[in-house]
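Q: Pasting final-v2.txt here (compact mmCIF, C-alpha atoms):
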```txt
# COMPACT_ATOMS: atom_id res chain seq x y z
CA MET A 234 0.00 0.00 0.00
CA ASN A 235 2.97 2.33 -0.28
CA LYS A 236 1.77 5.12 -2.55
CA VAL A 237 4.89 7.24 -2.47
CA VAL A 238 6.34 8.44 -5.76
CA ALA A 239 9.73 10.09 -6.08
CA ASN A 240 8.69 13.57 -7.13
CA ALA A 241 6.15 15.74 -8.94
CA ASP A 242 7.28 14.61 -12.40
CA ALA A 243 6.71 10.98 -11.48
CA ALA A 244 3.40 11.87 -9.88
CA VAL A 245 1.90 13.48 -12.99
CA ASP A 246 2.94 10.60 -15.24
CA GLY A 247 -0.01 9.51 -17.38
CA ILE A 248 -1.67 12.92 -17.66
CA ARG A 249 -2.37 13.40 -21.35
CA ASP A 250 -3.63 16.14 -23.66
CA GLY A 251 -7.36 16.80 -23.32
CA MET A 252 -7.79 15.31 -19.87
CA THR A 253 -9.93 16.76 -17.09
CA LEU A 254 -8.07 17.75 -13.94
CA MET A 255 -9.28 18.93 -10.56
CA VAL A 256 -6.85 21.29 -8.89
CA GLY A 257 -7.29 22.08 -5.20
CA GLY A 258 -6.92 25.48 -3.57
CA PHE A 259 -8.77 28.72 -2.88
CA GLY A 260 -7.03 31.61 -4.53
CA LEU A 261 -3.36 30.73 -4.08
CA CYS A 262 -4.01 29.10 -0.70
CA GLY A 263 -3.56 25.34 -0.62
CA ILE A 264 -2.66 24.93 -4.30
CA PRO A 265 -0.51 22.00 -5.49
CA GLU A 266 2.47 24.15 -6.49
CA ASN A 267 4.79 21.24 -7.30
CA SER A 268 2.29 19.38 -9.48
CA ILE A 269 1.38 22.54 -11.41
CA ALA A 270 5.10 23.15 -12.07
CA ALA A 271 5.41 19.57 -13.31
CA LEU A 272 2.51 20.11 -15.75
CA VAL A 273 4.32 23.18 -17.10
CA ARG A 274 7.48 21.09 -17.63
CA MET A 275 5.45 18.28 -19.18
CA GLY A 276 3.79 20.68 -21.65
CA VAL A 277 0.50 18.77 -21.68
CA LYS A 278 -2.23 20.73 -23.53
CA GLY A 279 -5.98 21.03 -24.05
CA LEU A 280 -6.71 20.52 -20.38
CA THR A 281 -10.04 21.06 -18.69
CA CYS A 282 -9.28 22.35 -15.20
CA ILE A 283 -11.82 22.29 -12.41
CA SER A 284 -10.60 24.69 -9.75
CA ASN A 285 -12.32 27.36 -7.67
CA ASN A 286 -10.03 30.04 -9.10
CA ALA A 287 -7.60 30.35 -11.96
CA GLY A 288 -4.53 31.60 -10.12
CA VAL A 289 -2.93 34.95 -10.84
CA ASP A 290 -1.07 35.93 -14.00
CA ASP A 291 2.28 34.49 -12.94
CA PHE A 292 1.42 31.87 -10.33
CA GLY A 293 -0.85 28.93 -9.72
CA LEU A 294 -2.97 27.91 -12.72
CA GLY A 295 -1.97 31.23 -14.30
CA LEU A 296 1.28 29.47 -15.25
CA LEU A 297 -0.68 26.96 -17.37
CA LEU A 298 -2.90 29.69 -18.82
CA GLN A 299 0.14 31.72 -19.90
CA ARG A 300 1.34 28.72 -21.91
CA LYS A 301 -2.15 28.07 -23.32
CA GLN A 302 -2.22 24.58 -21.81
CA ILE A 303 -5.80 25.01 -20.60
CA LYS A 304 -8.74 24.68 -23.00
CA LYS A 305 -11.53 25.04 -20.47
CA MET A 306 -11.86 26.27 -16.89
CA ILE A 307 -14.64 25.30 -14.51
CA SER A 308 -14.49 27.78 -11.62
CA SER A 309 -16.56 30.03 -9.37
CA TYR A 310 -14.41 33.17 -9.34
CA VAL A 311 -11.66 34.27 -11.71
CA GLY A 312 -11.26 37.95 -10.84
CA GLU A 313 -7.54 38.16 -10.21
CA ASN A 314 -6.16 37.10 -13.55
CA GLU A 315 -5.85 39.48 -16.51
CA GLU A 316 -4.57 36.86 -18.93
CA PHE A 317 -7.54 34.70 -18.03
CA GLU A 318 -9.97 37.54 -18.71
CA ARG A 319 -8.29 38.28 -22.02
CA GLN A 320 -8.45 34.65 -23.19
CA MET A 321 -12.05 34.34 -22.03
CA LEU A 322 -13.33 37.53 -23.66
CA SER A 323 -11.50 36.69 -26.91
CA GLY A 324 -13.06 33.22 -26.93
CA GLU A 325 -9.74 31.32 -26.77
CA LEU A 326 -10.64 29.89 -23.40
CA GLU A 327 -13.89 28.14 -22.64
CA VAL A 328 -15.20 29.02 -19.19
CA ASP A 329 -17.94 27.49 -17.10
CA LEU A 330 -18.63 29.66 -14.05
CA ILE A 331 -20.63 27.93 -11.35
CA PRO A 332 -21.60 28.91 -7.81
CA GLN A 333 -18.92 28.09 -5.27
CA GLY A 334 -21.11 25.92 -3.07
CA THR A 335 -22.40 24.08 -6.13
CA LEU A 336 -18.83 23.49 -7.28
CA ALA A 337 -17.85 22.08 -3.88
CA GLU A 338 -20.93 19.86 -3.72
CA ARG A 339 -20.53 18.62 -7.31
CA CYS A 340 -17.01 17.50 -6.42
CA ARG A 341 -18.23 15.93 -3.19
CA ALA A 342 -21.02 14.16 -5.12
CA GLY A 343 -18.53 12.91 -7.71
CA GLY A 344 -16.44 11.46 -4.93
CA SER A 345 -19.47 9.99 -3.18
CA GLY A 346 -21.19 8.03 -5.94
CA ILE A 347 -24.07 10.51 -6.14
CA PRO A 348 -24.69 11.48 -9.80
CA ALA A 349 -26.88 14.54 -9.11
CA PHE A 350 -28.52 16.63 -6.42
CA PHE A 351 -30.80 19.66 -6.10
CA THR A 352 -29.58 23.03 -4.81
CA PRO A 353 -31.33 26.40 -4.49
CA ALA A 354 -28.23 28.26 -5.72
CA GLY A 355 -28.69 29.85 -9.12
CA TYR A 356 -32.43 29.24 -9.44
CA GLY A 357 -33.90 31.91 -11.73
CA THR A 358 -30.47 32.87 -13.09
CA GLU A 359 -28.57 31.92 -16.23
CA VAL A 360 -26.76 29.24 -14.21
CA ALA A 361 -30.01 27.25 -14.22
CA LEU A 362 -30.58 27.48 -18.00
CA GLY A 363 -31.17 24.06 -19.53
CA LYS A 364 -31.18 22.34 -16.16
CA GLU A 365 -34.04 20.51 -14.50
CA THR A 366 -35.71 22.53 -11.74
CA ARG A 367 -38.08 21.15 -9.16
CA GLU A 368 -40.08 22.35 -6.17
CA PHE A 369 -39.46 20.77 -2.79
CA HIS A 370 -41.43 21.95 0.24
CA GLY A 371 -42.46 25.19 -1.46
CA LYS A 372 -39.02 26.26 -2.69
CA MET A 373 -37.44 25.91 -6.14
CA TYR A 374 -34.21 23.99 -6.69
CA VAL A 375 -31.86 23.33 -9.62
CA MET A 376 -30.51 19.87 -10.44
CA GLU A 377 -26.73 19.78 -10.64
CA GLU A 378 -24.64 16.81 -11.73
CA TRP A 379 -21.54 15.39 -10.10
CA LEU A 380 -18.04 16.30 -11.27
CA ARG A 381 -15.27 13.76 -11.58
CA SER A 382 -11.75 14.06 -12.91
CA ASP A 383 -9.19 11.95 -14.74
CA PHE A 384 -6.63 13.23 -12.25
CA SER A 385 -7.06 15.31 -9.11
CA LEU A 386 -4.09 17.35 -7.87
CA VAL A 387 -4.31 18.22 -4.20
CA LYS A 388 -2.06 19.76 -1.58
CA ALA A 389 -1.97 18.79 2.08
CA TRP A 390 0.17 19.78 5.05
CA LYS A 391 0.98 16.29 6.23
CA GLY A 392 0.46 12.91 4.68
CA ASP A 393 1.64 9.38 5.32
CA THR A 394 2.89 6.78 2.87
CA LEU A 395 -0.62 5.25 2.78
CA GLY A 396 -2.05 8.53 1.44
CA ASN A 397 -3.83 9.68 4.60
CA LEU A 398 -3.92 13.48 4.57
CA VAL A 399 -4.12 16.34 7.05
CA TYR A 400 -4.59 19.90 5.83
CA ARG A 401 -3.59 23.08 7.60
CA HIS A 402 -5.99 25.99 8.23
CA THR A 403 -7.80 27.36 5.17
CA ALA A 404 -5.45 25.52 2.83
CA ARG A 405 -8.01 22.71 3.21
CA ASN A 406 -10.81 24.37 1.12
CA PHE A 407 -11.60 22.26 -1.99
CA ASN A 408 -8.78 19.73 -1.55
CA PRO A 409 -10.74 17.04 0.35
CA MET A 410 -13.64 16.85 -2.12
CA MET A 411 -11.33 16.96 -5.14
CA ALA A 412 -9.25 14.17 -3.65
CA MET A 413 -12.44 12.10 -3.37
CA ALA A 414 -13.53 12.79 -6.96
CA GLY A 415 -10.27 11.91 -8.71
CA GLY A 416 -9.89 8.96 -11.08
CA ILE A 417 -6.28 9.13 -9.96
CA THR A 418 -5.59 11.45 -7.05
CA ILE A 419 -2.12 12.92 -6.61
CA ALA A 420 -1.34 14.44 -3.21
CA GLU A 421 1.68 16.59 -2.55
CA VAL A 422 2.52 17.26 1.07
CA GLU A 423 4.83 19.51 3.07
CA HIS A 424 5.60 16.69 5.47
CA LEU A 425 5.60 13.06 4.39
CA VAL A 426 5.47 10.77 7.43
CA GLU A 427 5.29 7.06 8.25
CA PRO A 428 2.03 5.20 9.01
CA GLY A 429 1.12 5.68 12.65
CA GLU A 430 2.51 9.17 12.92
CA LEU A 431 -0.83 10.77 12.11
CA ASP A 432 -3.61 10.58 14.71
CA PRO A 433 -6.38 8.47 13.10
CA ASP A 434 -8.99 10.76 14.69
CA GLN A 435 -7.46 13.84 13.06
CA ILE A 436 -7.08 12.67 9.44
CA HIS A 437 -9.14 14.76 7.00
CA THR A 438 -8.80 12.65 3.83
CA PRO A 439 -8.63 8.88 4.26
CA GLY A 440 -5.86 7.35 2.17
CA ILE A 441 -8.31 5.23 0.16
CA PHE A 442 -9.01 8.35 -1.93
CA VAL A 443 -5.33 8.97 -2.69
CA HIS A 444 -3.34 7.04 -5.31
CA ARG A 445 0.02 8.80 -5.39
CA ILE A 446 1.73 10.91 -2.76
CA PHE A 447 5.02 12.78 -2.72
CA GLN A 448 7.07 15.08 -0.55
CA GLY A 449 6.78 18.55 -2.08
CA SER A 450 9.60 21.07 -1.99
CA GLY A 451 10.35 24.75 -2.40
CA TYR A 452 6.89 25.99 -1.47
CA GLU A 453 6.44 29.66 -2.23
CA LYS A 454 2.96 29.89 -0.63
CA ARG A 455 2.39 33.28 -2.11
CA ILE A 456 -0.02 35.61 -0.28
CA GLU A 457 -2.51 37.37 -2.56
CA GLN A 458 -3.72 40.08 -0.17
CA ARG A 459 -1.34 40.76 2.69
CA THR A 460 -3.51 42.54 5.25
CA THR A 461 -2.27 43.39 8.74
CA ARG A 462 -3.05 45.60 11.72
CA LYS A 463 -0.73 47.73 13.80
CA ARG A 464 0.32 46.64 17.26
CA GLY A 465 -0.93 48.44 20.34
CA MET B 260 -23.86 64.28 2.99
CA PRO B 261 -23.95 60.78 1.54
CA LEU B 262 -22.39 58.19 3.83
CA ASP B 263 -18.81 57.09 3.29
CA LYS B 264 -18.01 53.39 3.25
CA HIS B 265 -17.12 53.32 6.95
CA GLN B 266 -20.41 54.98 7.91
CA MET B 267 -22.29 52.45 5.75
CA ALA B 268 -20.47 49.61 7.49
CA LYS B 269 -21.20 51.14 10.88
CA ARG B 270 -24.91 51.45 10.08
CA ILE B 271 -25.08 47.80 8.96
CA ALA B 272 -23.32 46.70 12.14
CA ARG B 273 -26.38 47.92 14.06
CA GLU B 274 -28.41 45.17 12.32
CA LEU B 275 -26.30 42.49 14.01
CA LYS B 276 -28.01 40.54 16.76
CA ASP B 277 -26.35 38.78 19.64
CA GLY B 278 -25.61 35.15 18.79
CA PHE B 279 -25.75 35.58 15.00
CA TYR B 280 -23.52 33.65 12.64
CA VAL B 281 -22.67 36.20 9.94
CA ASN B 282 -21.07 36.03 6.51
CA LEU B 283 -19.53 39.29 5.32
CA GLY B 284 -18.80 39.69 1.62
CA ILE B 285 -15.78 41.31 0.02
CA GLY B 286 -15.32 45.10 0.16
CA ILE B 287 -17.50 47.33 2.36
CA PRO B 288 -19.18 44.30 4.03
CA THR B 289 -15.78 43.25 5.42
CA LEU B 290 -15.57 46.61 7.23
CA VAL B 291 -18.69 45.75 9.25
CA ALA B 292 -16.47 43.60 11.47
CA ASN B 293 -14.77 46.79 12.72
CA TYR B 294 -18.03 48.22 14.11
CA ILE B 295 -19.68 45.34 15.96
CA PRO B 296 -21.56 47.06 18.82
CA GLU B 297 -20.55 46.58 22.44
CA GLY B 298 -22.34 43.67 24.06
CA ILE B 299 -23.15 41.97 20.73
CA ASP B 300 -21.41 38.65 20.25
CA VAL B 301 -21.37 37.32 16.68
CA GLU B 302 -19.33 34.63 14.95
CA LEU B 303 -17.99 35.47 11.50
CA GLN B 304 -18.17 32.76 8.84
CA SER B 305 -15.86 32.92 5.86
CA GLU B 306 -17.00 30.64 3.04
CA ASN B 307 -13.51 29.36 2.28
CA GLY B 308 -13.78 27.45 5.55
CA ILE B 309 -13.66 29.45 8.79
CA LEU B 310 -16.11 29.92 11.63
CA GLY B 311 -14.77 32.29 14.29
CA MET B 312 -12.68 34.50 12.04
CA GLY B 313 -10.60 37.09 13.87
CA PRO B 314 -9.05 40.41 12.80
CA PHE B 315 -6.11 40.88 10.44
CA PRO B 316 -2.81 39.59 11.88
CA TYR B 317 -0.13 41.82 13.34
CA GLU B 318 2.62 42.68 10.89
CA GLY B 319 5.02 39.79 10.58
CA GLU B 320 2.44 37.23 11.74
CA GLU B 321 0.71 36.69 8.39
CA ASP B 322 0.12 33.04 7.56
CA ALA B 323 -0.28 32.04 3.90
CA ASP B 324 -2.48 29.13 5.03
CA LEU B 325 -4.95 31.42 6.76
CA ILE B 326 -6.99 33.71 4.53
CA ASN B 327 -10.59 34.88 4.23
CA ALA B 328 -12.84 34.63 1.18
CA GLY B 329 -11.33 37.87 -0.13
CA LYS B 330 -7.88 36.17 -0.01
CA GLN B 331 -6.80 38.54 2.77
CA THR B 332 -4.64 37.25 5.61
CA VAL B 333 -6.70 36.88 8.79
CA THR B 334 -6.49 35.27 12.22
CA LEU B 335 -8.60 32.81 14.19
CA LYS B 336 -10.44 33.67 17.40
CA PRO B 337 -10.22 31.22 20.31
CA GLY B 338 -12.76 28.50 19.58
CA ALA B 339 -12.54 28.95 15.83
CA VAL B 340 -12.99 25.99 13.52
CA ILE B 341 -11.75 25.18 10.02
CA PHE B 342 -13.66 23.07 7.51
CA ASP B 343 -13.74 22.23 3.82
CA SER B 344 -15.74 24.14 1.19
CA ALA B 345 -18.55 21.56 1.00
CA THR B 346 -19.13 21.76 4.76
CA SER B 347 -18.98 25.55 4.55
CA PHE B 348 -21.80 25.70 2.02
CA ALA B 349 -23.74 23.08 3.97
CA MET B 350 -23.88 25.68 6.77
CA ILE B 351 -24.99 28.32 4.30
CA ARG B 352 -27.65 26.31 2.43
CA SER B 353 -29.11 24.89 5.63
CA GLN B 354 -29.57 28.45 6.93
CA LYS B 355 -27.28 28.10 9.90
CA VAL B 356 -25.67 31.36 8.79
CA GLN B 357 -28.27 33.92 9.86
CA LEU B 358 -27.10 37.06 8.11
CA THR B 359 -25.32 37.70 4.85
CA VAL B 360 -24.00 41.14 3.92
CA LEU B 361 -22.84 41.63 0.36
CA GLY B 362 -22.36 44.22 -2.33
CA ALA B 363 -24.30 44.56 -5.57
CA MET B 364 -24.22 46.24 -8.96
CA GLU B 365 -28.03 46.38 -9.13
CA VAL B 366 -30.96 45.58 -6.85
CA ALA B 367 -34.60 45.56 -7.97
CA ASP B 368 -37.71 46.49 -6.02
CA ASN B 369 -38.79 42.82 -6.13
CA GLY B 370 -35.66 41.73 -4.26
CA ASP B 371 -33.66 40.54 -7.28
CA ILE B 372 -29.91 41.14 -7.15
CA ALA B 373 -27.19 41.29 -9.83
CA ASN B 374 -23.54 41.40 -8.87
CA TRP B 375 -21.40 38.96 -10.86
CA LYS B 376 -21.24 39.78 -14.53
CA ILE B 377 -21.40 42.59 -17.08
CA PRO B 378 -21.80 40.77 -20.41
CA GLY B 379 -18.91 41.41 -22.78
CA LYS B 380 -17.06 43.58 -20.27
CA MET B 381 -16.46 42.08 -16.89
CA VAL B 382 -16.82 38.49 -15.85
CA LYS B 383 -15.30 37.74 -12.49
CA GLY B 384 -17.71 35.03 -11.48
CA MET B 385 -20.24 34.67 -8.71
CA GLY B 386 -18.00 33.03 -6.13
CA GLY B 387 -20.25 32.08 -3.23
CA ALA B 388 -22.79 34.84 -3.80
CA MET B 389 -25.43 32.69 -5.54
CA ASP B 390 -25.34 30.08 -2.79
CA LEU B 391 -25.50 32.77 -0.11
CA VAL B 392 -28.42 34.73 -1.57
CA ALA B 393 -30.41 31.60 -2.38
CA SER B 394 -30.39 30.46 1.23
CA ALA B 395 -29.75 33.22 3.76
CA GLN B 396 -32.62 34.17 6.06
CA ASN B 397 -31.47 37.79 6.07
CA ILE B 398 -29.59 39.43 3.26
CA ILE B 399 -28.44 43.03 3.50
CA VAL B 400 -27.05 44.59 0.37
CA VAL B 401 -24.65 47.47 0.77
CA MET B 402 -24.09 49.57 -2.32
CA MET B 403 -23.71 53.04 -3.75
CA HIS B 404 -27.13 54.40 -4.65
CA THR B 405 -26.07 55.44 -8.15
CA ASN B 406 -23.37 54.41 -10.61
CA LYS B 407 -20.55 56.62 -11.83
CA ALA B 408 -22.84 58.10 -14.48
CA GLY B 409 -25.29 59.09 -11.74
CA GLU B 410 -27.87 56.46 -12.72
CA SER B 411 -29.91 54.65 -10.08
CA LYS B 412 -28.76 51.18 -9.02
CA LEU B 413 -32.06 50.62 -7.19
CA LEU B 414 -34.19 49.58 -10.13
CA LYS B 415 -37.62 48.33 -11.18
CA ARG B 416 -35.92 45.32 -12.73
CA CYS B 417 -32.27 44.37 -12.90
CA THR B 418 -30.69 44.75 -16.33
CA LEU B 419 -27.59 42.64 -15.63
CA PRO B 420 -27.53 38.83 -15.28
CA LEU B 421 -29.10 37.91 -11.95
CA THR B 422 -27.34 36.46 -8.93
CA GLY B 423 -30.60 35.62 -7.14
CA VAL B 424 -34.33 36.24 -7.41
CA GLY B 425 -36.57 37.84 -4.82
CA CYS B 426 -34.06 37.38 -2.04
CA VAL B 427 -32.87 40.81 -0.84
CA LYS B 428 -34.73 42.10 2.23
CA LYS B 429 -32.77 45.24 3.06
CA VAL B 430 -30.51 47.72 1.29
CA VAL B 431 -28.10 50.18 2.87
CA SER B 432 -26.89 52.72 0.34
CA ASP B 433 -24.85 55.87 0.78
CA LEU B 434 -28.15 57.76 0.77
CA GLY B 435 -30.41 55.71 3.02
CA VAL B 436 -31.73 52.49 4.51
CA PHE B 437 -34.50 50.60 2.70
CA ASP B 438 -36.60 47.52 3.31
CA ILE B 439 -37.80 45.59 0.27
CA THR B 440 -41.49 44.73 0.54
CA PRO B 441 -44.25 43.79 -1.94
CA GLU B 442 -44.75 47.57 -2.34
CA GLY B 443 -41.13 48.02 -3.41
CA PHE B 444 -38.32 49.87 -1.65
CA VAL B 445 -39.45 51.39 1.65
CA LEU B 446 -37.28 54.30 2.79
CA LEU B 447 -36.70 53.93 6.53
CA GLU B 448 -33.80 56.30 7.13
CA HIS B 449 -32.05 58.94 5.07
CA ALA B 450 -28.40 59.93 5.43
CA PRO B 451 -27.80 63.18 7.35
CA GLY B 452 -28.29 66.12 5.04
CA VAL B 453 -29.75 64.01 2.21
CA SER B 454 -33.36 64.93 1.44
CA VAL B 455 -36.16 62.48 0.79
CA GLU B 456 -36.69 64.30 -2.53
CA GLU B 457 -33.12 63.59 -3.59
CA ILE B 458 -33.56 59.91 -2.77
CA LYS B 459 -36.83 59.81 -4.71
CA ALA B 460 -35.12 61.40 -7.70
CA LYS B 461 -32.24 58.91 -7.58
CA THR B 462 -34.36 55.76 -7.16
CA GLU B 463 -35.72 54.22 -10.36
CA GLY B 464 -37.59 51.37 -8.65
CA ARG B 465 -40.88 51.78 -6.82
CA LEU B 466 -40.24 53.77 -3.64
CA VAL B 467 -42.46 54.22 -0.62
CA VAL B 468 -41.45 56.63 2.12
CA ALA B 469 -42.16 55.13 5.53
CA SER B 470 -44.35 57.32 7.74
CA THR B 471 -41.66 56.85 10.39
CA VAL B 472 -38.79 57.95 8.10
CA LYS B 473 -36.00 59.57 10.06
CA GLU B 474 -32.49 60.85 9.73
CA MET B 475 -29.89 58.19 10.23
CA VAL B 476 -27.68 58.35 13.31
CA VAL B 477 -24.07 57.86 12.21
```
Output the structure of this file as structure tokens.

A:
Amino acid sequence: MNKVVANADAAVDGIRDGMTLMVGGFGLCGIPENSIAALVRMGVKGLTCISNNAGVDDFGLGLLLQRKQIKKMISSYVGENEEFERQMLSGELEVDLIPQGTLAERCRAGGSGIPAFFTPAGYGTEVALGKETREFHGKMYVMEEWLRSDFSLVKAWKGDTLGNLVYRHTARNFNPMMAMAGGITIAEVEHLVEPGELDPDQIHTPGIFVHRIFQGSGYEKRIEQRTTRKRG
Amino acid sequence: MPLDKHQMAKRIARELKDGFYVNLGIGIPTLVANYIPEGIDVELQSENGILGMGPFPYEGEEDADLINAGKQTVTLKPGAVIFDSATSFAMIRSQKVQLTVLGAMEVADNGDIANWKIPGKMVKGMGGAMDLVASAQNIIVVMMHTNKAGESKLLKRCTLPLTGVGCVKKVVSDLGVFDITPEGFVLLEHAPGVSVEEIKAKTEGRLVVASTVKEMVV
């Protein structure tokens, strides 16, 4: 059951042009920096990326956008990326914007064997166009289908060789659901430990959802909006 | 004088009730946290996965793994909890979050809201706004009353793609405080020095002036 691979390049082996990837993170927080860098090196193209955001111009998924490796983005918010906006408005990049809670739940459903569910989000808006709507207990809901990926790329704080994962603070975000919904799930961790070192009661993602794990390195962990207060 | 953004935030803070779980949107709504009245205890929910969000960190104590939904560095209060995005929106859709404060480009007198897209010009995405407005028990929209061209943003019907239908209950603009009822916008309070006539002239949607209308205390 040892799922450890040597590095990011070994981890992304098998990702091919045109595949659908889930990429964890919220903004630049909790993104799989090493795996994204490996995709840049690999040069794989025509990707569909499911990720809450699209990075910034020169970091995160922005690195793949710059090199036109992404054909389609499925996200909830893409406001911080000029290159993204340019490609989208010019029609080079296909974009499916979906409500954040719906995105999270579609990933969760994909990883839970639930092909569809009903949510109130987006009812009466263009998000609901072409989708089944139904009334339950006097309120209208929109049917949304699960999302699944060929590969899911997630980032955790700690992980063991069996693939059990623990996230740190808000770097958790979409990573657990995307790990669940991956055909092959690749986890990169800041601290790779031996079985038994993680408290079974404190593990966020059970290793059964993870296929490959590696010790990441050189994390930049860039902060998008550095906000502070003065002492005293 | 129309309210500035801090005065708008301060006025909204008076809508907070002890024991509320509150989600504050990006921009002016975030400032509401600075004006929580004495004796009112609320827990702030951030949809990227925090309940019990604290203030910004002291300089040098920023943590890249700890941000709010606006991607700003924040801290955790004692007793805070972290969760994944699916759990976060479970709280929101199941109405455990009692008050949502968010900004808008347009609000209509039937409670519709538009705040995520200007076709052909600006497409940033809805983020969590559609989930929030579809489920919150109380939604307060904070916005400028008019756009840069001086046109009303409180409309009969929204012209931009909708974020939610019939969901907004209250609007705080730089000119006044309004409830949204079947009769349309109801002016409850006007900003100091702003006349009811000015507000009428700058509101395109149906407007009723409450018999109890008063000047806002700021």

Q: Using atom CA of Gln331 of chain B and atom CA of Val356 of chain B as the two end points, give the distance in Å to one decimal.

A: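 Taking atom CA of Gln331 of chain B as the start and atom CA of Val356 of chain B as the end point, the length is 21.1 Å.
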
Q: Residues of chain A that have any atom at most 7 Å from an atom of chain B: could you tabulate them with the shortest-distance atom pair and the distance in Å to one decimal, using only C-alpha atoms, ordered by chain and increasing number, as CSV?

A:
```
residue,atom,partner,partner_atom,distance
A:Gly260,CA,B:Lys330,CA,6.5
A:Cys262,CA,B:Asp324,CA,5.9
A:Gly263,CA,B:Asp324,CA,6.9
A:Ser309,CA,B:Gly386,CA,4.6
A:Tyr310,CA,B:Gly384,CA,4.4
A:Val311,CA,B:Lys383,CA,5.1
A:Gly312,CA,B:Lys383,CA,4.4
A:Leu322,CA,B:Gly379,CA,6.9
A:Leu330,CA,B:Gly384,CA,6.0
A:Pro332,CA,B:Gly386,CA,5.7
A:Gln333,CA,B:Gly387,CA,4.7
A:Gly334,CA,B:Phe348,CA,5.1
A:Ala337,CA,B:Ala345,CA,5.0
A:Glu338,CA,B:Ala345,CA,5.6
A:Pro353,CA,B:Ala393,CA,5.7
A:Ala354,CA,B:Asp390,CA,4.5
A:Gly355,CA,B:Met389,CA,5.6
A:Gly357,CA,B:Val424,CA,6.1
A:Thr358,CA,B:Leu421,CA,5.3
A:Arg401,CA,B:Asp324,CA,6.7
A:His402,CA,B:Asp324,CA,5.7
A:Thr403,CA,B:Leu325,CA,5.2
A:Ala404,CA,B:Asp324,CA,5.2
A:Arg405,CA,B:Asp343,CA,5.8
A:Asn406,CA,B:Asp343,CA,4.5
A:Phe407,CA,B:Ser344,CA,5.5
A:Pro409,CA,B:Asp343,CA,6.9
A:Lys454,CA,B:Ala323,CA,6.0
A:Arg455,CA,B:Ala323,CA,6.7
A:Ile456,CA,B:Ala323,CA,5.5
A:Glu457,CA,B:Lys330,CA,6.1
A:Gln458,CA,B:Gln331,CA,4.5
A:Arg459,CA,B:Thr332,CA,5.6
A:Thr460,CA,B:Thr332,CA,5.4
A:Thr461,CA,B:Phe315,CA,4.9
A:Arg462,CA,B:Tyr317,CA,5.0
A:Lys463,CA,B:Tyr317,CA,6.0
A:Arg464,CA,B:Tyr317,CA,6.2
```

Q: Compile the contact shell of Gly293 of chain A as a ChimeraX atom specification: residues with an atom at most 7 Å away, counting all atoms listed in the file, same-chain residues fewer than 5 positions apart removed.

A: /A:261,264,266,269,288

Q: What is the atom CA of Glu377 of chain A to atom CA of Thr335 of chain A distance in Å?

A: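 Result for atom CA of Glu377 of chain A versus atom CA of Thr335 of chain A: 7.6 Å, one decimal.
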
Q: Skip Asp393 of chain A itself and residues of its chain fewer than 3 positions away, then list as a PyMOL selection string all residues within 12 Å of it, counting only C-alpha atoms.

A: chain A and resi 234-237+389-390+396-399+420-433+436+438-441+443-448

Q: Quick one, how far is atom CA of Ile377 of chain B from atom CA of Leu419 of chain B?

A: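 A separation of 6.4 Å between them.
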
Q: Distance cut-off 12 Å, centre (-27.2, 44.8, 4.0) in file coordinates, counting all atoms listed in the file: which residues qualify? Return them as a PyMOL selection string.

A: chain B and resi 267-275+281-284+287-289+291+358-363+366+392+395+397-403+426-433+435-439

Q: At a cut-off of 6 Å, using all atoms listed in the file, what residues contact segment 298-302 of chain B? Leave out same-chain residues fewer than 3 positions from it and give the result as a ChimeraX atom specification.

A: /B:277-280,311

Q: Can you write out the residues you just picked, keeping C-alpha atoms, as a PDB file, keeping the file's coordinate frame?

A:
```
ATOM      1  CA  ASP B 277     -26.350  38.780  19.640  1.00  0.00           C
ATOM      2  CA  GLY B 278     -25.610  35.150  18.790  1.00  0.00           C
ATOM      3  CA  PHE B 279     -25.750  35.580  15.000  1.00  0.00           C
ATOM      4  CA  TYR B 280     -23.520  33.650  12.640  1.00  0.00           C
ATOM      5  CA  GLY B 311     -14.770  32.290  14.290  1.00  0.00           C
TER       6      GLY B 311
END
```

Q: What's the 12 Å shell around Gly452 of chain B, counting all atoms listed in the file, without same-chain residues fewer than 4 positions away, as a list in words?

A: Met260, Pro261, Leu262, Asp433, Leu434, Gly435, Glu448, Glu456, Glu457, Ile458, Lys473, Glu474, Met475, Val476 and Val477 of chain B

Q: Could you produce a table of the residues of segment 338-452 of chain B lying within 8 Å of segment 468-471 of chain B, with the nearest pair of atoms per residue and their separation in Å rounded to one decimal, using all atoms listed in the file, ordered by chain and increasing residue number, as a tab-separated table?

A:
```
residue	atom	partner	partner_atom	distance
B:Val445	CA	B:Val468	CA	5.6
B:Leu446	CA	B:Val468	CA	4.8
B:Leu447	CA	B:Ala469	CA	5.7
```

Q: Do a neighbour search on Thr462 of chain B at 7 Å with all atoms listed in the file, toss out local chain neighbours closer than 5 positions, and write the hits as a PyMOL selection string.

A: chain B and resi 411+413-414

Q: Please give the centre and size of the box around segment 277-285 of chain A (axis-aligned, containing every atom listed in the file, 3 Å added per side), with values in Å to one decimal and written as lines of an AutoDock Vina configuration file.

A:
```
center_x = -5.9
center_y = 23.1
center_z = -15.9
size_x = 18.8
size_y = 14.6
size_z = 22.4
```

Q: Which is closest to His437 of chain A among A:Met410, A:Ile307, A:Ile417, A:Val328, if we use only C-alpha atoms?

A: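 Going through A:Met410, A:Ile307, A:Ile417, A:Val328 one by one, the smallest distance to His437 of chain A is for A:Met410.
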